Structure formats: C-alpha cells, structure tokens
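Colleague: Got a structure for you, questions after.
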Amino acid sequence: MPYNLKEELNKPERFHAGHRLCAGCGAGIVCRAMMRALDPKDKAVICNATGCLEVSSFQYPFTAWEDSYIHTAFENASATASGVEAAYKVMKRRGKIDPETKFKILAIGGDGGTYDIGFQSLSGALERGHDFTYFCYDNNAYMNTGTQRSSATPRFASATTTPAGAESVGKKQTQKDLTQIVVSHGSPYVAQTTLFGNLKDFHEKAHRAIYTEGPTFVNVLTPCPRGWQYPADDLIDICKAAIDTCVWPLYEVVDGEYRLTYEPKKKLPVEEFMRRQGRFAHCFKKGNEWTIEAAQEYVDKKWEELLSKCK
Amino acid sequence: MSIRERLSGNEAVAVAMRQINPDVFAMFPITPSTEIPQYFAQYVADGRVDTEFICVESEHSALSACIGAEAAGCRAVTATSSAGLSYMNEVLYVAGSLRLPVVLAVANRALTGPININHDYSDSMAERDSGFIQLYAENNQEVYDNYLMAHRIAEHPSVRLPLMVCLDGFITSHAIENIELEEDDTVKAFAGQYHPENYLLKKKNPLAVGPYGISAYYMEARVAQAEAMKNARRVITDVAEDFERTFGRKYGLIEEYRMEDAEIAIVLMGSSAGTAKAAVDGLRAEGVKAGVIKVRVFRPFPGPELEKALKNCRAAAVLDKSEGFSACGGPLFAETAGALFNTSCGLKMIDIVYGLGGRDFTVSAAKSVFERLRQIVKTGETGPVYSHMGERTNAL
C-alpha cells in the first residue's frame with residue numbers, strides 16, 4: 001500500500017504528547033514517526049541513551065512511550081539493546097514468551113550518545129549482529145548540556161565549546177561520517193534521512209530498517225532550535241534546505257549496495273542551509289566569506305564521493 | 001549426594017553457572033576472572049547449557065547487556081576483575097537502582113597502579129556503595145556455595161538487588177582444591193527460576209525502566225533501595241538456612257572461629273582467614289585466647305553480628321586488604337568501627353592494611369598481629385591505630 005500520511009496519522013499514537021521536548025525540536029517528530037513505522041500488531045522495546053529525549057520523555061512518574069522502554073546510561077544504548085535482544089532470543093527458545101507476539105528492539109540516541117560516547121557500544125553491537133535498529137537523532141552537538149560541540153558538529157558551527165569570536169570561526173573540524181562507518185560494519189541496512197515533506201522518506205527507511213533482520217541503522221538529521229538557533233516553525237524548511245544543498249544527502253545502503261533516494265532538481269548553494277541558523281551567523285560577516293566557500297567545497301566533495309558509490 | 005572433585009575457584013563458579021543455566025551471560029575477559037567465561041563458552045559449545053552467551057566489547061557493555069536482559073525478564077550473569085569492575089562502575093549503580101538482580105562473579109584483583117594482576121580488595125571495595133550485595137569466600141567450596149545461593153538472595157521480592165560473588169584473585173580463582181559439588185538437579189531445584197512480575201518483554205502491560213527522577217522523587221527511590229539492602233540481611237540468613245538443610249553446609253553473615261572465650265581477635269575477609277585460623281590454632285595450643293572473625297557478607301554490613309562476636313573481646317585488629325586512602329584506615333576498619341560505635345563494646349581496635357597487590361600473608365604475620373593485640377591488652381596502650389604490614393622498609 002502506498003504511503004499516505006493521513007492514514008499513518010490515524011494509527012494509535014505510540015509516542016504521546018505531553019513530553020517535555022522544546023517546541024521546534026526534531027526529536028519528538030523522529031519518535032512519533034519511528035513508532036508509526038512499526039506494524040501496529042508488533043510490540044517494541046525502546047532502548048534510549050541519556051540525553052534530551054530521555055529526560056523529556058520519561059520523567060517519573062510519566063512516560064510518553066506506549067511501548068516498553070529502558071534507559072540506563074549515556075554510552076550504552078546499543079549494549080542495553082544487545083541484552084534485550086539476547087533476552088528475547090533465549091526467552092523465545094525457552095518458551096518464556098508467547099511465540100505469536102513479535103517484539104522489535106529499537107535503540108535511539110542523539111549524536112553525543114551515538115557518534116561519540118556511545119560509539120564503541122554501537123560498533124560492538126553492529127559487529128555482533130544483534131537483530132535491532134538504531135536510530136540516531138543527529139542534532140549536531142551535545143544539546144542536553146547546552147550545545148557543546150560533538151564529532152557530528154559541522155565545521156564552522158558555533159557551539160558553546162567552539163564559539164565564534166575574534167579569533168574563531170566556530171568548530172575547526174568537519175563532522176565524522178558515521179553513516180559510512182556503520183556501512184563499513186557490513187550492516188544489512190543503513191540509511192540517512194531527515195524530516196521533510198510528508199515524512200515518506202523517513203517512514204519508508206524506518207520501516208525497512210526495522211523489518212530487515214540484523215543490526216540496522218538510520219541516521220536522522222534532526223534540527224535543534226536552541227543549538228542551531230532558528231525560529232521553531234522553520235524546522236521542516238531547514239531540513240529541506242539540508243537535502244537541497246546536499247549538506248545531508250538522502251541515501252540508503254542495502255547489503256552494501258548504495259542507492260540515492262533523493263537528488264535535488266537544482267543543487268542549492270550551501271549558504272541556503274547556513275543562513276537560516278544563528279550558529280553560522282558569523283560566517284556571513286565581512287572577512288569570513290571564505291568559510292562559506294570552504295563549507296561548499298566540503299559538501300561538493302562528499303556529494304561527488306557519494307554519487308560515485310551510487311552508480 | 002555430593003560429588004567430590006578438585007577444582008579451581010573459577011571452575012567452581014563456572015560449574016555453578018552451568019548447573020543454574022542462566023538465560024544470558026555477557027562476557028568480557030580480564031585476568032584473573034577470564035577462565036569463568038572460558039569454561040562457560042565450552043559448556044555452550046558442547047550443548048551443556050542453552051544460555052544466550054554474548055561476547056561484548058567491554059565490561060561496561062557486559063553489565064549494560066546484563067541490565068537490558070534482566071529488565072527484559074531474564075536471569076543475566078557476568079564476571080570480571082579489577083579495572084573491569086571499575087569500568088562497570090557507572091552501570092553497577094544503574095543495576096542497583098533499577099533493582100535488577102544481576103549476579104556478577106568478581107575475581108578480586110588490585111587496581112592499577114602500578115598495574116598488578118594479583119589479589120587485594122581494592123576493586124570491589126571501591127564499589128561497596130554501588131548497591132550490590134557482596135559475598136566473599138575463604139576457599140573454592142565457599143565460592144561455589146555462595147554462587148548457588150546468589151540468585152535466590154538477589155531475586156527475593158523483598159530484595160531485588162544485584163549481587164557480587166567475590167573470590168580472591170589467583171589465590172582462590174586459580175588454586176585447585178578439593179570441593180564437594182552438588183548434583184545438577186538438586187542445584188537447579190535449589191536455585192529455582194526467576195519470575196519477575198514486570199518485565200520489558202511482557203505481552204501485556206509494557207514496562208518503562210530508568211526514568212529521570214527529579215528531586216521530588218529521587219530520594220524515595222534511594223530510600224526504598226536502602227530498605228531492600230536491609231531486607232537482604234534476613235534473606236541471606238534464610239537462604240543459608242535452606243542451603244544447610246539441603247546441602248549440609250552452614251553459613252552466616254560472618255564466621256566466628258574460636259571466638260567463644262577469645263580476648264583478642266582478628267577481623268578479616270577471604271582466603272586470609274585460613275591463614276589467621278592456623279595462627280589461632282598455634283596460639284591456642286600455647287594457651288592464648290585468640291580468635292578470628294571472617295566477614296563473609298560485606299554488603300549488607302554485618303554490624304550487629306560483629307558487635308555480638310566482639311563484645312567480650314579486649315582488643316581486635318581489623319585487617320584491610322585494600323587501602324582506602326582515608327588516612328584513617330581501610331574500609332573494613334571504618335565500617336567495623338562504625339558498627340561498634342554507640343554499643344557497649346569496650347575493646348581497643350586497630351587497623352592493619354596488608355597484602356596489597358598479592359603481597360603474601362603468612363601464619364607468622366598473623367601471629368605478629370596477635371602479639372600486638374596482646375601488648376595492647378597488657379599495657380592498655382593502643383599505639384598506632386592505623387598502620388601497614390608486610391611492606392618493604394629498606395630502599396628497593
């Protein structure tokens with residue numbers, strides 16, 4: 001059945017309103033869409049790394065999650081998921097759970113809990129081949145502690161530990177390409193997506209990831225209004241700019257085969273993405289024009305690399 | 001019917017695990033506990049257990065996976081030592097606060113530095129406030145027996161706390177001793193099954209685990225955890241009584257050796273107890289009223305039992321096999337002294353830190369401690385309350 005957002009929204013909500021995420025935060029959209037990607041008959045266990053999402057969605061005695069949920073620490077969502085998945089296998093084998101009830105094991109963390117402190121745990125779980133899906137809501141910095149730079153922060157973004165100033169144009173390094181690193185683990189399904197349009201791209205990738213056996217990974221560019229400094233209602237437009245500038249290309253890798261899932265009709269200049277966000281404001285000051293040129297050069301290089309893999 | 005065998009402490013733990021056949025074992029190797037998962041891996045390879053055995057990439061992940069599995073509704077186990085236990089530190093507290101009865105075998109080993117692979121209690125003593133129950137053993141038999149009791153204690157509805165089964169690295173983990181093993185069926189029946197009422201993989205009524213607990217709720221969770229640790233005192237005793245009825249071997253929170261009329265006593269833990277007991281036998285033959293108290297359960301701390309055992313003593317030496325760097329004595333001393341404060345015990349008490357990083361502890365060393373205690377009784381002078389023993393005094 002073709003994707004229809006209206007139909008999708010008629011499904012019973014599995015990530016409820018009343019959570020404490022900021023207005024204009026992408027993480028709540030990710031969670032709702034992630035849960036909609038599950039077949040309604042299937043149950044889930046969500047393993048969440050410490051971060052904004054965790055403190056905002058499960059503050060005792062309230063939870064936004066309709067399904068079973070576990071948070072243990074910042075760096076170990078994948079290890080926790082490994083344990084839940086091992087438990088699922090052995091409990092099925094030993095007849096401790098009803099074989100008719102299917103559980104999907106989902107892990108979710110921000111870029112801090114995925115690219116950085118949780119990287120080892122993620123790598124270990126991918127290598128071991130647990131049957132689970134990891135969703136990274138990549139908001140490009142440590143947002144829960146107040147926008148400190150992470151390895152996902154793009155070059156030239158001003159973060160509170162890499163602030164722009166008289167002698168600084170923001171972060172010095174380009175971001176880690178985690179999606180490629182996950183591909184290198186040999187995972188059967190890896191995808192990049194973001195939040196735009198009717199969320200068809202997200203939905204289809206999430207569904208495919210969840211229903212592919214083995215360790216699968218979906219990297220979701222997820223804007224943060226506090227850290228990126230944009231008006232709350234600009235979220236979807238910023239995501240659209242990210243894909244149209246090829247700052248965040250949309251693609252999937254199925255058993256090692258690359259497939260581009262979106263190619264902009266007209267590739268926009270990178271400043272269309274940058275100018276909407278306060279974190280890049282210093283790049284548009286006189287004398288800093290080179291930063292936009294350098295950012296463009298990097299995006300072009302990565303885009304060409306990706307295109308060559310998608311052929 | 002018991003089976004007479006000769007096993008190392010590590011193999012004794014592995015045998016107990018095989019007999020219990022836990023649901024999930026998440027392992028990461030570290031000396032001297034590595035043999036435990038190695039033996040177990042062979043049981044898996046030979047089809048003697050059907051545990052889900054996962055070889056994770058760190059101790060932090062090993063315990064995290066156990067937490068995930070236990071919350072999902074399983075019996076989950078792991079084993080570690082030294083730096084591995086330190087690496088688990090953060091998630092030890094998580095297991096405790098989530099009230100997940102994970103059972104962790106710890107082959108105790110000194111913490112770095114200098115890096116050292118031999119025995120002392122610096123690893124598990126550093127985790128004494130983590131919310132784990134801690135059982136210590138004098139020899140292989142006690143390790144095995146403690147392991148057979150571990151799940152029942154940890155999983156008891158009034159407890160629901162994780163538990164460490166500690167064995168002295170190399171001394172107990174690797175030395176091969178005679179041991180009485182129990183039949184597989186009897187062990188299985190004794191250990192029972194884990195049936196939590198709520199778990200992640202429950203068909204109805206999903207579970208949410210690990211909330212953000214603001215100031216309005218955090219303290220209640222911690223107090224409930226403290227109550228559970230208090231309840232563990234009774235449960236450890238009850239399980240030990242059932243163990244004695246089933247297998248004939250008796251265990252208390254502490255063991256008193258020739259303490260009935262003892263005037264001087266050593267309080268200590270683990271394999272050193274055997275050495276101290278040999279010293280007591282020698283002194284008793286000379287008419288000296290000496291005794292030994294072995295602390296088997298460190299968490300919950302056996303304060304009332306120590307008070308009762310020491311109340312007629314005139315002087316006692318606590319032997320700490322870890323240095324807490326408090327500059328006032330080691331952790332066993334601090335806790336023993338704390339337990340005796342506000343009681344009628346009028347004894348003089350000293351602390352001796354010994355055996356760090358595998359430094360040998362001999363019968364003559366134990367005797368020298370008793371000699372100090374005799375002098376304290378004779379002169380009424382305690383002398384230095386906190387000192388070290390067995391370290392080199394000349395330049396290296």
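In the structure tokens, each chain is lettered A, B, ... as it comes, each chain's residues begin at 1, and ligands are numbered from 1 in order of appearance.
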Give me, as JSON lines, each residue of chain A that comes within 7 Å of chain B, together with its shortest interatomic pair and the distance in Å at one decimal, counting only C-alpha atoms, with rows ordered by chain and rising residue number.
Modeller:
```
{"residue": "A:Val45", "atom": "CA", "partner": "B:Leu200", "partner_atom": "CA", "distance": 6.7}
{"residue": "A:Val55", "atom": "CA", "partner": "B:Tyr212", "partner_atom": "CA", "distance": 5.4}
{"residue": "A:Phe58", "atom": "CA", "partner": "B:Pro211", "partner_atom": "CA", "distance": 5.3}
{"residue": "A:Gln59", "atom": "CA", "partner": "B:Tyr212", "partner_atom": "CA", "distance": 4.7}
{"residue": "A:Tyr60", "atom": "CA", "partner": "B:Gly213", "partner_atom": "CA", "distance": 5.5}
{"residue": "A:Asp67", "atom": "CA", "partner": "B:Pro206", "partner_atom": "CA", "distance": 5.7}
{"residue": "A:Ser68", "atom": "CA", "partner": "B:Pro206", "partner_atom": "CA", "distance": 4.6}
{"residue": "A:Tyr69", "atom": "CA", "partner": "B:Ala208", "partner_atom": "CA", "distance": 4.6}
{"residue": "A:Ile70", "atom": "CA", "partner": "B:Val209", "partner_atom": "CA", "distance": 4.5}
{"residue": "A:His71", "atom": "CA", "partner": "B:Gly210", "partner_atom": "CA", "distance": 4.8}
{"residue": "A:Thr72", "atom": "CA", "partner": "B:Gly210", "partner_atom": "CA", "distance": 5.8}
{"residue": "A:Asn76", "atom": "CA", "partner": "B:Ser61", "partner_atom": "CA", "distance": 6.5}
{"residue": "A:Ala79", "atom": "CA", "partner": "B:Ala65", "partner_atom": "CA", "distance": 5.1}
{"residue": "A:Thr80", "atom": "CA", "partner": "B:Gly68", "partner_atom": "CA", "distance": 4.6}
{"residue": "A:Ala81", "atom": "CA", "partner": "B:Gly68", "partner_atom": "CA", "distance": 6.4}
{"residue": "A:Ser82", "atom": "CA", "partner": "B:Ala65", "partner_atom": "CA", "distance": 5.7}
{"residue": "A:Gly83", "atom": "CA", "partner": "B:Ala65", "partner_atom": "CA", "distance": 3.8}
{"residue": "A:Val84", "atom": "CA", "partner": "B:Ala69", "partner_atom": "CA", "distance": 4.6}
{"residue": "A:Ala86", "atom": "CA", "partner": "B:Glu52", "partner_atom": "CA", "distance": 6.1}
{"residue": "A:Ala87", "atom": "CA", "partner": "B:Ala69", "partner_atom": "CA", "distance": 4.9}
{"residue": "A:Val90", "atom": "CA", "partner": "B:Glu52", "partner_atom": "CA", "distance": 6.0}
{"residue": "A:Thr101", "atom": "CA", "partner": "B:Lys203", "partner_atom": "CA", "distance": 7.0}
{"residue": "A:Ser121", "atom": "CA", "partner": "B:Ser61", "partner_atom": "CA", "distance": 6.5}
{"residue": "A:Gly124", "atom": "CA", "partner": "B:Glu57", "partner_atom": "CA", "distance": 5.6}
```
Colleague: Would you write out those residues with C-alpha atoms, as a PDB file, in the first residue's frame?
Modeller:
```pdb
ATOM      1  CA  VAL A  45      11.283  -2.255  23.344  1.00  0.00           C
ATOM      2  CA  VAL A  55      14.878  13.362  30.297  1.00  0.00           C
ATOM      3  CA  PHE A  58      10.328   9.675  30.777  1.00  0.00           C
ATOM      4  CA  GLN A  59      10.267  11.926  33.773  1.00  0.00           C
ATOM      5  CA  TYR A  60       8.938   9.921  36.681  1.00  0.00           C
ATOM      6  CA  ASP A  67       5.713   0.534  24.417  1.00  0.00           C
ATOM      7  CA  SER A  68       8.296  -0.928  26.798  1.00  0.00           C
ATOM      8  CA  TYR A  69      11.193   1.432  27.276  1.00  0.00           C
ATOM      9  CA  ILE A  70      14.560   1.313  29.023  1.00  0.00           C
ATOM     10  CA  HIS A  71      17.120   3.986  29.732  1.00  0.00           C
ATOM     11  CA  THR A  72      20.304   3.020  31.561  1.00  0.00           C
ATOM     12  CA  ASN A  76      25.365   2.105  26.297  1.00  0.00           C
ATOM     13  CA  ALA A  79      24.775  -2.655  24.709  1.00  0.00           C
ATOM     14  CA  THR A  80      21.482  -2.440  26.562  1.00  0.00           C
ATOM     15  CA  ALA A  81      19.675  -3.278  23.320  1.00  0.00           C
ATOM     16  CA  SER A  82      22.067  -6.227  22.861  1.00  0.00           C
ATOM     17  CA  GLY A  83      20.988  -7.551  26.240  1.00  0.00           C
ATOM     18  CA  VAL A  84      17.297  -7.080  25.472  1.00  0.00           C
ATOM     19  CA  ALA A  86      19.641 -11.694  23.746  1.00  0.00           C
ATOM     20  CA  ALA A  87      16.837 -11.967  26.288  1.00  0.00           C
ATOM     21  CA  VAL A  90      16.540 -17.020  24.808  1.00  0.00           C
ATOM     22  CA  THR A 101       3.921 -11.817  19.980  1.00  0.00           C
ATOM     23  CA  SER A 121      28.935   0.219  22.238  1.00  0.00           C
ATOM     24  CA  GLY A 124      30.261  -3.734  19.211  1.00  0.00           C
TER      25      GLY A 124
END
```
Colleague: Would you mind listing what lies within 6 Å of region 134-144 of chain B as a list of chain:residue names, with only C-alpha atoms counted and same-chain residues fewer than 6 positions away left out?
Modeller: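 Once the nearby chain positions are removed, what remains is B:Gly9, B:Ala12, B:Val13, B:Leu163, B:Met164, B:Val165, B:Cys166, B:Leu167, B:Thr172, B:Ile179, B:Gly270, B:Ser271, B:Arg296, B:Val297, B:Phe298, B:Arg299.
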Colleague: Region 272-275 of chain B: which residues within 12 Å, counting only C-alpha atoms, same-chain residues fewer than 3 positions away excluded, as number ranges by chain?
Modeller: B: 119-121, 136-139, 167-168, 171-172, 254-257, 265-269, 278-282, 291-296, 318-321, 354-355, 358-367
Colleague: Which parts of region 57-104 of chain A does DSSP call helix (DSSP H, G or I) when run on the backbone here, written out as a ChimeraX atom specification?
Modeller: /A:57,77-93
Colleague: With N, CA and C atoms kept, could you save the residues just selected as a tab-separated table (two decimals), in the first residue's frame?
Modeller:
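Resulting contents of selection_37.tsv:
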```
chain	number	residue	atom	x	y	z
A	57	SER	N	11.12	12.61	27.87
A	57	SER	CA	10.03	11.68	27.55
A	57	SER	C	9.72	10.70	28.67
A	77	ALA	N	23.37	2.56	24.95
A	77	ALA	CA	22.06	2.17	24.41
A	77	ALA	C	22.18	0.89	23.58
A	78	SER	N	23.27	0.78	22.80
A	78	SER	CA	23.43	-0.40	21.95
A	78	SER	C	23.72	-1.65	22.78
A	79	ALA	N	24.49	-1.50	23.85
A	79	ALA	CA	24.78	-2.65	24.71
A	79	ALA	C	23.52	-3.08	25.44
A	80	THR	N	22.74	-2.12	25.89
A	80	THR	CA	21.48	-2.44	26.56
A	80	THR	C	20.56	-3.16	25.58
A	81	ALA	N	20.50	-2.64	24.35
A	81	ALA	CA	19.68	-3.28	23.32
A	81	ALA	C	20.17	-4.69	23.04
A	82	SER	N	21.49	-4.89	23.07
A	82	SER	CA	22.07	-6.23	22.86
A	82	SER	C	21.54	-7.19	23.91
A	83	GLY	N	21.48	-6.71	25.15
A	83	GLY	CA	20.99	-7.55	26.24
A	83	GLY	C	19.51	-7.86	26.08
A	84	VAL	N	18.74	-6.86	25.67
A	84	VAL	CA	17.30	-7.08	25.47
A	84	VAL	C	17.08	-8.08	24.33
A	85	GLU	N	17.87	-7.92	23.28
A	85	GLU	CA	17.73	-8.81	22.13
A	85	GLU	C	18.13	-10.24	22.49
A	86	ALA	N	19.21	-10.36	23.29
A	86	ALA	CA	19.64	-11.69	23.75
A	86	ALA	C	18.53	-12.32	24.59
A	87	ALA	N	17.93	-11.48	25.43
A	87	ALA	CA	16.84	-11.97	26.29
A	87	ALA	C	15.66	-12.45	25.43
A	88	TYR	N	15.36	-11.69	24.40
A	88	TYR	CA	14.23	-12.04	23.52
A	88	TYR	C	14.47	-13.40	22.87
A	89	LYS	N	15.71	-13.59	22.39
A	89	LYS	CA	16.04	-14.87	21.74
A	89	LYS	C	15.90	-16.04	22.70
A	90	VAL	N	16.51	-15.88	23.89
A	90	VAL	CA	16.54	-17.02	24.81
A	90	VAL	C	15.15	-17.28	25.40
A	91	MET	N	14.38	-16.21	25.61
A	91	MET	CA	13.04	-16.41	26.18
A	91	MET	C	12.12	-17.10	25.18
A	92	LYS	N	12.33	-16.79	23.89
A	92	LYS	CA	11.55	-17.50	22.87
A	92	LYS	C	11.94	-18.97	22.87
A	93	ARG	N	13.29	-19.18	22.89
A	93	ARG	CA	13.81	-20.56	22.83
A	93	ARG	C	13.32	-21.38	24.02
```
Colleague: As a compact mmCIF listing (two decimals) with N, CA and C atoms, in the first residue's frame, list the residues of region 23-219 of chain A assigned to strand (DSSP E or B) by DSSP on the backbone atoms of this structure.
Modeller:
```txt
# COMPACT_ATOMS: atom_id res chain seq x y z
N LYS A 43 5.01 -5.34 18.86
CA LYS A 43 5.40 -4.59 20.04
C LYS A 43 6.85 -4.16 19.91
N ALA A 44 7.27 -3.27 20.79
CA ALA A 44 8.65 -2.79 20.71
C ALA A 44 9.22 -2.60 22.09
N VAL A 45 10.55 -2.71 22.16
CA VAL A 45 11.28 -2.25 23.34
C VAL A 45 12.22 -1.17 22.86
N ILE A 46 12.11 0.02 23.43
CA ILE A 46 12.96 1.14 23.04
C ILE A 46 14.08 1.29 24.06
N CYS A 47 15.32 1.29 23.58
CA CYS A 47 16.50 1.45 24.45
C CYS A 47 17.07 2.84 24.17
N ASN A 48 16.97 3.73 25.12
CA ASN A 48 17.27 5.13 24.87
C ASN A 48 18.52 5.56 25.63
N GLN A 59 9.98 11.29 32.49
CA GLN A 59 10.27 11.93 33.77
C GLN A 59 9.27 11.35 34.77
N TRP A 65 5.98 7.07 26.26
CA TRP A 65 6.11 5.87 25.41
C TRP A 65 5.00 4.87 25.71
N SER A 68 7.27 -0.76 25.78
CA SER A 68 8.30 -0.93 26.80
C SER A 68 9.52 -0.09 26.44
N TYR A 69 10.13 0.44 27.47
CA TYR A 69 11.19 1.43 27.28
C TYR A 69 12.24 1.24 28.36
N ILE A 70 13.51 1.36 28.00
CA ILE A 70 14.56 1.31 29.02
C ILE A 70 15.64 2.35 28.73
N HIS A 71 15.97 3.08 29.77
CA HIS A 71 17.12 3.99 29.73
C HIS A 71 18.07 3.54 30.83
N PHE A 103 8.30 -8.82 19.07
CA PHE A 103 8.88 -7.59 19.60
C PHE A 103 9.97 -7.10 18.64
N LYS A 104 10.03 -5.81 18.41
CA LYS A 104 11.14 -5.22 17.67
C LYS A 104 11.97 -4.41 18.67
N ILE A 105 13.28 -4.59 18.58
CA ILE A 105 14.18 -3.91 19.52
C ILE A 105 14.72 -2.66 18.82
N LEU A 106 14.41 -1.50 19.38
CA LEU A 106 14.85 -0.24 18.81
C LEU A 106 15.76 0.47 19.81
N ALA A 107 16.85 1.03 19.31
CA ALA A 107 17.69 1.87 20.16
C ALA A 107 17.65 3.28 19.59
N ILE A 108 17.71 4.26 20.45
CA ILE A 108 17.71 5.63 19.96
C ILE A 108 18.58 6.52 20.84
N GLY A 109 19.38 7.35 20.18
CA GLY A 109 20.24 8.27 20.92
C GLY A 109 20.55 9.47 20.05
N GLY A 110 21.00 10.52 20.67
CA GLY A 110 21.45 11.71 19.94
C GLY A 110 22.83 11.47 19.37
N PHE A 132 18.48 -5.61 15.74
CA PHE A 132 17.88 -4.39 16.30
C PHE A 132 18.10 -3.24 15.33
N THR A 133 17.39 -2.16 15.54
CA THR A 133 17.55 -0.97 14.70
C THR A 133 17.95 0.20 15.57
N TYR A 134 19.02 0.86 15.18
CA TYR A 134 19.48 2.03 15.91
C TYR A 134 19.07 3.28 15.14
N PHE A 135 18.36 4.18 15.82
CA PHE A 135 18.01 5.49 15.26
C PHE A 135 18.87 6.54 15.94
N CYS A 136 19.64 7.27 15.15
CA CYS A 136 20.38 8.39 15.71
C CYS A 136 19.65 9.68 15.34
N TYR A 137 19.21 10.40 16.34
CA TYR A 137 18.67 11.74 16.02
C TYR A 137 19.84 12.70 16.18
N ASP A 138 20.43 12.99 15.03
CA ASP A 138 21.67 13.75 14.98
C ASP A 138 21.34 15.25 14.95
N TYR A 142 26.07 18.39 21.54
CA TYR A 142 25.54 17.94 22.84
C TYR A 142 24.50 18.96 23.28
N GLN A 148 27.34 21.87 23.34
CA GLN A 148 28.79 21.69 23.21
C GLN A 148 29.05 20.93 21.91
N ALA A 159 29.55 26.46 18.54
CA ALA A 159 28.99 25.70 19.67
C ALA A 159 29.57 26.32 20.93
N THR A 162 33.06 25.61 21.07
CA THR A 162 33.80 26.09 19.89
C THR A 162 33.12 27.39 19.44
N ALA A 164 32.23 31.09 18.07
CA ALA A 164 32.82 32.06 17.15
C ALA A 164 33.29 33.25 17.98
N GLY A 165 34.35 33.86 17.54
CA GLY A 165 34.89 35.02 18.26
C GLY A 165 35.91 35.71 17.40
N SER A 168 38.09 33.12 16.18
CA SER A 168 37.48 31.81 15.92
C SER A 168 36.31 31.93 14.96
N VAL A 169 36.24 30.99 14.02
CA VAL A 169 35.08 30.93 13.13
C VAL A 169 34.27 29.66 13.45
N TYR A 189 21.30 -2.99 6.48
CA TYR A 189 20.54 -1.82 6.04
C TYR A 189 20.99 -0.58 6.80
N VAL A 190 21.43 0.42 6.06
CA VAL A 190 21.89 1.68 6.65
C VAL A 190 21.27 2.80 5.82
N ALA A 191 20.76 3.83 6.49
CA ALA A 191 20.14 4.92 5.73
C ALA A 191 20.36 6.26 6.41
N GLN A 192 20.31 7.31 5.59
CA GLN A 192 20.27 8.67 6.09
C GLN A 192 18.94 9.27 5.68
N THR A 193 18.32 9.94 6.61
CA THR A 193 17.08 10.63 6.27
C THR A 193 16.99 11.88 7.13
N THR A 194 15.91 12.62 6.91
CA THR A 194 15.64 13.78 7.77
C THR A 194 14.14 14.06 7.71
N PRO A 215 21.53 -6.02 12.47
CA PRO A 215 21.71 -4.68 13.03
C PRO A 215 21.57 -3.63 11.94
N THR A 216 20.56 -2.78 12.05
CA THR A 216 20.31 -1.77 11.03
C THR A 216 20.38 -0.38 11.67
N PHE A 217 20.59 0.61 10.82
CA PHE A 217 20.92 1.94 11.34
C PHE A 217 20.26 3.01 10.50
N VAL A 218 19.62 3.96 11.15
CA VAL A 218 19.02 5.09 10.46
C VAL A 218 19.55 6.37 11.10
N ASN A 219 20.24 7.17 10.30
CA ASN A 219 20.81 8.42 10.80
C ASN A 219 19.89 9.56 10.36
```
Colleague: Which neighbours of region 25-30 of chain A fall inside 8 Å, counting only C-alpha atoms, when residues of the same chain fewer than 4 positions from it are skipped, and could you give them as a ChimeraX atom specification?
Modeller: /A:21,34,53,137,195,220,222-225,232,235
Colleague: Mind writing the picked residues with N, CA and C atoms as an mmCIF file, in the first residue's frame?
Modeller:
```cif
data_model
loop_
_atom_site.group_PDB
_atom_site.id
_atom_site.type_symbol
_atom_site.label_atom_id
_atom_site.label_comp_id
_atom_site.auth_asym_id
_atom_site.auth_seq_id
_atom_site.Cartn_x
_atom_site.Cartn_y
_atom_site.Cartn_z
ATOM 1 N N LEU A 21 9.877 17.920 25.419
ATOM 2 C CA LEU A 21 10.802 18.418 24.388
ATOM 3 C C LEU A 21 10.404 19.841 23.986
ATOM 4 N N MET A 34 9.046 7.143 14.009
ATOM 5 C CA MET A 34 9.702 5.843 14.235
ATOM 6 C C MET A 34 8.670 4.824 14.725
ATOM 7 N N LEU A 53 16.069 13.608 24.850
ATOM 8 C CA LEU A 53 14.888 12.781 24.622
ATOM 9 C C LEU A 53 14.522 11.997 25.877
ATOM 10 N N TYR A 137 19.208 10.400 16.343
ATOM 11 C CA TYR A 137 18.670 11.740 16.024
ATOM 12 C C TYR A 137 19.838 12.696 16.177
ATOM 13 N N LEU A 195 13.722 15.162 8.294
ATOM 14 C CA LEU A 195 12.300 15.428 8.485
ATOM 15 C C LEU A 195 11.849 16.467 7.473
ATOM 16 N N VAL A 220 19.331 10.253 11.324
ATOM 17 C CA VAL A 220 18.317 11.263 11.024
ATOM 18 C C VAL A 220 18.847 12.647 11.403
ATOM 19 N N THR A 222 18.402 15.981 12.633
ATOM 20 C CA THR A 222 17.290 16.386 13.490
ATOM 21 C C THR A 222 17.572 17.757 14.087
ATOM 22 N N PRO A 223 17.054 18.817 13.477
ATOM 23 C CA PRO A 223 17.391 20.155 13.963
ATOM 24 C C PRO A 223 16.982 20.409 15.416
ATOM 25 N N CYS A 224 17.771 21.278 16.049
ATOM 26 C CA CYS A 224 17.532 21.677 17.439
ATOM 27 C C CYS A 224 17.420 23.204 17.472
ATOM 28 N N PRO A 225 16.253 23.740 17.830
ATOM 29 C CA PRO A 225 16.069 25.199 17.757
ATOM 30 C C PRO A 225 17.008 25.957 18.706
ATOM 31 N N ALA A 232 11.098 28.275 15.820
ATOM 32 C CA ALA A 232 10.557 26.910 15.933
ATOM 33 C C ALA A 232 9.886 26.438 14.640
ATOM 34 N N LEU A 235 11.700 24.452 11.261
ATOM 35 C CA LEU A 235 12.335 23.122 11.309
ATOM 36 C C LEU A 235 12.299 22.384 9.966
#
```
Colleague: Quick one: pull the distance between CA of Gly227 (chain A) and CA of Leu9 (chain A), Å, one decimal.
Modeller: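 Atom-to-atom, CA of Gly227 (chain A) and CA of Leu9 (chain A) are spaced 28.9 Å apart.
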Colleague: I'd like the contact shell of region 293-296 of chain A - 6 Å cut-off, only C-alpha atoms, skipping same-chain residues fewer than 3 positions apart - returned as an NGL selection string.
Modeller: :A and (270 or 290 or 299)
Colleague: Enter the distance from CA of Ala150 (chain B) to CA of Met259 (chain B), in Å, rounded to one decimal.
Modeller: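 If I compute the distance from CA of Ala150 (chain B) to CA of Met259 (chain B), I get 27.5 Å.
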Colleague: Which neighbours of region 240-245 of chain B fall inside 12 Å, counting only C-alpha atoms, when residues of the same chain fewer than 2 positions from it are skipped, and could you give them as number ranges by chain?
Modeller: B: 142, 145-150, 152-153, 182, 186-187, 189-191, 232-238, 247-254, 296-297
Colleague: Check the smallest atom-to-atom distance from each of A:Glu8, A:Leu260, A:Phe156, A:Cys52 to Arg32 (chain A) using only C-alpha atoms, then report the winner.
Modeller: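 Distance minimum relative to Arg32 (chain A) lands on A:Glu8.
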Colleague: Restricting the calculation to only C-alpha atoms, which member of A:Arg94, A:Arg20, A:Lys309, A:Arg149 is positioned closest to Val183 (chain A)?
Modeller: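 Checking each of A:Arg94, A:Arg20, A:Lys309, A:Arg149 against Val183 (chain A), counting only C-alpha atoms, the winner is A:Lys309.
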